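Trainee: The structure that follows is given in the form of structure tokens.
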Amino acid sequence: MSVATTEKACPMHGGPDQRKSARLATGGGTIAPDVSTATFDQARAVLRSGHTSQAGFLAEQVGRIGKPMRQPILYLEGEAHRVQRSATARFFTPRVVTTRYRDLMIRLSDDLVGGFRKKKRARLDDLSLELAVAVAGDIVGLQTNDVRGLSKRLDAFFSGGFEKTSGKWAAIKRIVHSQIRVFSFYYRDVVPAIRARKKARQDDVISHLIDEGYTGREILTECLVYGAAGMATTREFIVMAAWHMLERDELRTAFLSADEGGKIALLEELLRLEPVVGFLFRRMKADLTDDGADATIKAGEAVAIDVRAANSDEAAFGACPHAAEPGRKVSAKYGNAGLSFGDGEHRCPGAQVALYETCLFLERLLATPGLKLERAPDIAWNRLVTGYELRNAIITCD
């Protein structure tokens with residue numbers, strides 16, 4: 001489903017509503033929730049509750065068809081999640097991001113932007129995918145000597161096969177195609193990586209999983225989770241941030257003239273405005289009372305945490321929350337990006353990776369002389385990640 005975007009009035013103050021993706025948020029996800037959150041505080045209360053379980057990203061569907069010996073970190077809860085999160089935290093520490101990964105991001109960005117400057121024309125979503133796959137592939141431990149091939153296989157998996165279908169044969173066809181994509185990724189990317197890591201361990205996620213005794217199937221599942229988190233979502237945000245700044249000279253100027261901290265802050269503001277993942281889903285294991293609204297979410301109910309609604313809460317982010325405002329003053333209680341990286345024990349561990357990756361790439365791309373957005377991207381809704389997809393964005397330069 002593709003939707004054209006037009007700037008409309010801010011429902012709160014009459015100013016421009018600059019969100020390009022908000023109209024898609026009615027697309028829904030892979031489950032039907034019983035209740036949706038409305039405010040930032042309510043959304044964060046659900047995410048920080050110790051009495052919920054994952055309900056999105058096919059968590060409940062996977063549970064019904066049988067579980068592998070170990071659940072992927074995305075589905076773990078409580079102590080099991082904390083143990084695994086602690087064991088993989090070393091791959092996402094600020095020092096590692098700003099040293100080892102930073103050098104990788106700079107080299108990749110220079111190569112991609114340099115290639116674009118020579119050809120003078122490119123699809124921005126292809127460039128962002130290659131960057132995101134190469135960075136996440138290095139962290140996970142996937143073989144990245146064929147980044148374009150790996151990019152195509154992951155793109156085929158995450159960009160299709162999750163739409164609602166009608167009829168038995170259509171459903172069977174969708175399942176078969178999905179399985180083919182999974183097997184292709186497993187045998188062409190995951191298996192070679194496992195073999196290589198068994199011969200010589202590296203400082204990456206797959207090496208860690210091998211040491212923990214994970215099977216090939218379990219490593220595949222983790223790779224798909226990291227693929228969604230580190231590749232698919234980062235790819236989309238790079239295109240979205242560039243789209244805003246290529247259409248609004250004041251944003252581009254503010255970004256390029258800022259120091260690195262200022263650049264990151266502006267990217268967080270754009271991410272607050274355009275969260276890649278629109279909904280997070282949880283199943284309540286106990287009642288949760290919202291004292292401020294004197295309302296209770298009941299045990300057993302599936303809750304849709306509306307990230308866009310939370311990030312547009314005027315009580316948290318001030319006047320005109322539907323507009324991108326460089327230098328917006330936000331309390332540390334809420335964070336510049338709102339709930340765009342989630343919250344609670346499942347908050348995205350790769351937040352810094354995504355922000356620095358986007359920053360280092362865009363500061364090189366946006367400094368390209370004569371850079372223009374020849375064709376704005378098509379925007380569609382992905383029901384698996386409940387987020388937007390941006391495709392066919394064409395950029396040119398002199």
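All residue names refer to the structure tokens as shown: chains lettered A, B, ... in order, residues numbered from 1 in each chain, ligands numbered from 1 in order.
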Residues near Thr368 in chain A, anyone? I mean within 9 Å using only C-alpha atoms, not counting same-chain ones fewer than 3 positions away, as a ChimeraX atom specification.
Mentor: /A:113,117,364-365,371,397-398
Trainee: Within 12 Å of range 339-343 of chain A, which residues of range 217-264 of chain A show up? Give each one with its shortest atom-to-atom distance in Å (one decimal) and the two atoms involved, counting only C-alpha atoms, rows by chain then rising residue number, as a Markdown table.
Mentor:
```
| residue | atom | partner | partner_atom | distance |
| --- | --- | --- | --- | --- |
| A:Ala229 | CA | A:Phe341 | CA | 9.9 |
| A:Gly230 | CA | A:Phe341 | CA | 11.6 |
| A:Thr233 | CA | A:Phe341 | CA | 10.4 |
| A:Thr234 | CA | A:Phe341 | CA | 11.2 |
| A:Phe237 | CA | A:Ser340 | CA | 10.9 |
```
Trainee: Please provide the set of residues having any atom within 7 Å of Leu288 in chain A, restricted to only C-alpha atoms, with same-chain residues fewer than 6 positions apart removed, written as a ChimeraX atom specification.
Mentor: /A:296-298
Trainee: Enter the distance from CA of Gly278 in chain A to CA of Arg44 in chain A, in Å, rounded to one decimal.
Mentor: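 Pair CA of Gly278 in chain A / CA of Arg44 in chain A returns 14.3 Å.
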Trainee: Using only C-alpha atoms, what table do you get, as a Markdown table, when you list each residue of range 81-108 of chain A with an atom no more than 8 Å from range 128-148 of chain A, its nearest pair of atoms, and their distance in Å rounded to one decimal, rows by chain then rising number?
Mentor:
```
| residue | atom | partner | partner_atom | distance |
| --- | --- | --- | --- | --- |
| A:Phe91 | CA | A:Ile139 | CA | 6.9 |
| A:Tyr101 | CA | A:Val135 | CA | 7.5 |
| A:Leu104 | CA | A:Val135 | CA | 7.2 |
| A:Met105 | CA | A:Val135 | CA | 6.8 |
| A:Leu108 | CA | A:Leu131 | CA | 6.5 |
```
Trainee: Could you tell me, as a PyMOL selection string, which residues of range 104-159 of chain A DSSP assigns to alpha helix (DSSP H) when given the backbone?
Mentor: chain A and resi 104-119+124-140+147-158
Trainee: Using only C-alpha atoms, which residue out of A:Leu362, A:Pro275, A:Ala87, A:Ser53 lies closest to Asp211 in chain A?
Mentor: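 Comparing A:Leu362, A:Pro275, A:Ala87, A:Ser53 against Asp211 in chain A, the winner is A:Ala87.
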Trainee: Could you please determine the separation between CA of Ser184 in chain A and CA of Ala354 in chain A in Å, to one decimal place?
Mentor: 26.3 Å
Trainee: Considering only C-alpha atoms, return as JSON, numbers by chain whatever protein or nucleic-acid residues lie within 12 Å of Ser257 in chain A, sequence-local ones (same chain, fewer than 3 positions apart) excluded.
Mentor: {"A": [249, 250, 251, 252, 253, 254, 260, 261, 262, 263, 266, 326, 363, 366, 367]}
Trainee: Can you tell me which residues surround Leu246 in chain A at a distance of at most 8 Å, considering only C-alpha atoms, apart from same-chain residues fewer than 4 positions away, and format the answer as a list of chain:residue names?
Mentor: A:Ala242, A:Arg252, A:Lys372, A:Leu373
Trainee: For C-alpha atoms, I'd like the residues from the last selection saved as a PDB file, in the first residue's frame.
Mentor:
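Output saved as part01.pdb:
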```pdb
ATOM      1  CA  ALA A 242      17.302  12.703   4.327  1.00  0.00           C
ATOM      2  CA  ARG A 252      19.744  20.678   6.207  1.00  0.00           C
ATOM      3  CA  LYS A 372      18.870  17.139  -5.126  1.00  0.00           C
ATOM      4  CA  LEU A 373      15.955  14.851  -4.432  1.00  0.00           C
TER       5      LEU A 373
END
```
Trainee: Counting only C-alpha atoms, figure out which residue out of A:His51, A:Arg188, A:Arg272, A:Arg19 gets nearest to Lys285 in chain A.
Mentor: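 Among the listed residues, the smallest separation from Lys285 in chain A belongs to A:His51.
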Trainee: Find the residue from A:Glu269, A:Asp287, A:Asp103, A:Asp378 that sits nearest to Lys329 in chain A; use only C-alpha atoms when measuring.
Mentor: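 Result for the nearest residue to Lys329 in chain A: A:Glu269.
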Trainee: Calculate how many Å separate CA of Leu209 in chain A from CA of Ala193 in chain A, rounding to one decimal.
Mentor: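 Between CA of Leu209 in chain A and CA of Ala193 in chain A the gap is 11.8 Å.
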Trainee: For His244 in chain A, which residue out of A:Arg217, A:Glu274, A:Glu357, A:Met231 is the nearest one, using only C-alpha atoms?
Mentor: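 Distance minimum relative to His244 in chain A lands on A:Glu274.
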Trainee: Find the residues near range 309-312 of chain A: any atom within 8 Å, counting only C-alpha atoms, skip ones fewer than 2 places away on the same chain, and give them as a VMD selection string.
Mentor: chain A and resid 37 to 41 43 272 to 273 306 to 307 314 316 to 317 321 to 322 337 to 340
Trainee: Restricting the calculation to only C-alpha atoms, which member of A:Gly300, A:Arg48, A:Tyr388, A:Asp17 is positioned closest to Met240 in chain A?
Mentor: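 Selected residue with least distance to Met240 in chain A: A:Tyr388.
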Trainee: Need the shell around Val303 in chain A: protein/DNA/RNA residues with any atom at most 6 Å away, counting only C-alpha atoms. Skip same-chain ones fewer than 3 positions apart. Format as a list in words?
Mentor: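 Listing them by chain and then by number gives Pro33, Val35, Ser36, Phe281 and Arg282 of chain A.
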Trainee: From the options A:Thr93, A:Thr98, A:Ser151, A:Ser49, which residue's atoms come nearest to Gly78 in chain A, counting only C-alpha atoms?
Mentor: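 Nearest candidate to Gly78 in chain A out of A:Thr93, A:Thr98, A:Ser151, A:Ser49: A:Ser49.
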